[in-house]
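Participant: One structure is given below, represented as structure tokens, and several questions about it will come after.
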Amino acid sequence: MSNQWKIICKVADIPVLGARVVARDGKPDVAIFRNGEDKVFALVDRCPHKGGPLSQGIVYGERVACPMHNWNIELGSGCATAPDEGCAQKFSVKVEAGDVYLDALELASLATEVVTA
Ligand code: FES
């Protein structure tokens, strides 16, 4: 299926080594992260451990440390690093001319349940 890219913000709007939250109606928020090399990643803003807000974690390399219990989540996959297990839903991201896009279909269809661990 082809992507339906929707402009979200500029890369410059995301704090370096931090995140910006994209709210969704009645669905868990999506966090868009920016690392030290201006790479951008998007995950549901729920840690696979107990649902901590990953957007409030510290980004290092291509990982984010959850602010709750310090699990390390791979930004590219959404999965926790060993020995922890579990994955946060990842979202496709496109960056073009400094603008960040997410896929409207994914925003509507992925990680729509509010799961409490
Ligand atoms: S909720 Fe993220 S490490 Fe526990």
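FYI, nothing fancy with the structure tokens labels: chains A, B, ... in order, residues from 1 per chain, ligands from 1 as they appear.
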Could you give me the residues within 9 Å of ligand 1, counting only C-alpha atoms and all ligand atoms, as a list in words?
Facilitator: Arg46, Cys47, Pro48, His49, Lys50, Gly51, Gly52, Pro53, Leu54, Ala65, Cys66, Pro67, Met68, His69, Asn70, Trp71, Asn72, Ile73 and Ala117 of chain A
Participant: Near Asn35 of chain A, counting only C-alpha atoms, which residues have an atom at most 8 Å away, once you skip same-chain residues fewer than 2 positions from it, shown as a list in words?
Facilitator: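 Near neighbours after the sequence-gap exclusion: Val16, Leu17, Gly18, Phe33, Glu37, Asp38, Lys39, Val40, Val59, Tyr60, Gly61 and Glu62 of chain A.
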Participant: Name all residues at most 9 Å from Arg20 of chain A (count only C-alpha atoms; drop same-chain ones fewer than 5 positions away) and give them as a PyMOL selection string.
Facilitator: chain A and resi 13-15+30-34+55-56
Participant: If you run DSSP over the backbone, which residues in segment 38-107 of chain A end up strand (DSSP E)? Put them as a VMD selection string.
Facilitator: chain A and resid 40 to 44 58 to 60 63 to 65 72 to 74 90 to 91 93 to 96 99 to 103
Participant: Using only C-alpha atoms, which residues sit within 8 Å of Ser92 of chain A once same-chain residues fewer than 6 positions away are excluded, as a ChimeraX atom specification?
Facilitator: /A:41-42,102-103,106
Participant: Have a look at atom CA of Leu110 of chain A and atom CA of Ala12 of chain A and let me know their distance in Å, one decimal.
Facilitator: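 Distance between the two atoms: 25.7 Å.
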Participant: Skipping near chain neighbours, those fewer than 2 positions away, what residues fall within 12 Å of Glu113 of chain A using only C-alpha atoms, listed as a list in words?
Facilitator: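 The contact residues come out as Arg24, Asp25, Gly26, Lys27, Pro28, Asp29, Val44, Arg46, Gln89, Ala108, Ser109, Leu110, Ala111, Val115, Thr116 and Ala117 of chain A.
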Participant: Mind the document's chain letters and residue numbers, and return as a PyMOL selection string the residues of chain A that DSSP labels helix (DSSP H, G or I).
Facilitator: chain A and resi 11-13+54-56+104-109
Participant: What's the 9 Å shell around Ser77 of chain A, counting only C-alpha atoms, without same-chain residues fewer than 2 positions away, as a list of chain:residue names?
Facilitator: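 Neighbouring residues, sequence-local ones excluded: A:Leu43, A:Ile73, A:Glu74, A:Leu75, A:Cys79, A:Ala80, A:Cys87, A:Ala88, A:Gln89, A:Lys90.
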Participant: Just write the chosen residues, C-alpha atoms, as a PDB file, in the first residue's frame.
Facilitator:
ATOM      1  CA  LEU A  43       7.097   5.218  18.196  1.00  0.00           C
ATOM      2  CA  ILE A  73      14.331   1.030  23.567  1.00  0.00           C
ATOM      3  CA  GLU A  74      15.742   0.824  20.042  1.00  0.00           C
ATOM      4  CA  LEU A  75      14.279   3.769  18.154  1.00  0.00           C
ATOM      5  CA  CYS A  79      12.031  -3.024  20.810  1.00  0.00           C
ATOM      6  CA  ALA A  80      13.666  -3.146  24.216  1.00  0.00           C
ATOM      7  CA  CYS A  87       8.335  -3.682  21.575  1.00  0.00           C
ATOM      8  CA  ALA A  88       6.591  -0.348  21.217  1.00  0.00           C
ATOM      9  CA  GLN A  89       4.799   0.054  17.884  1.00  0.00           C
ATOM     10  CA  LYS A  90       6.951   1.944  15.426  1.00  0.00           C
TER      11      LYS A  90
END
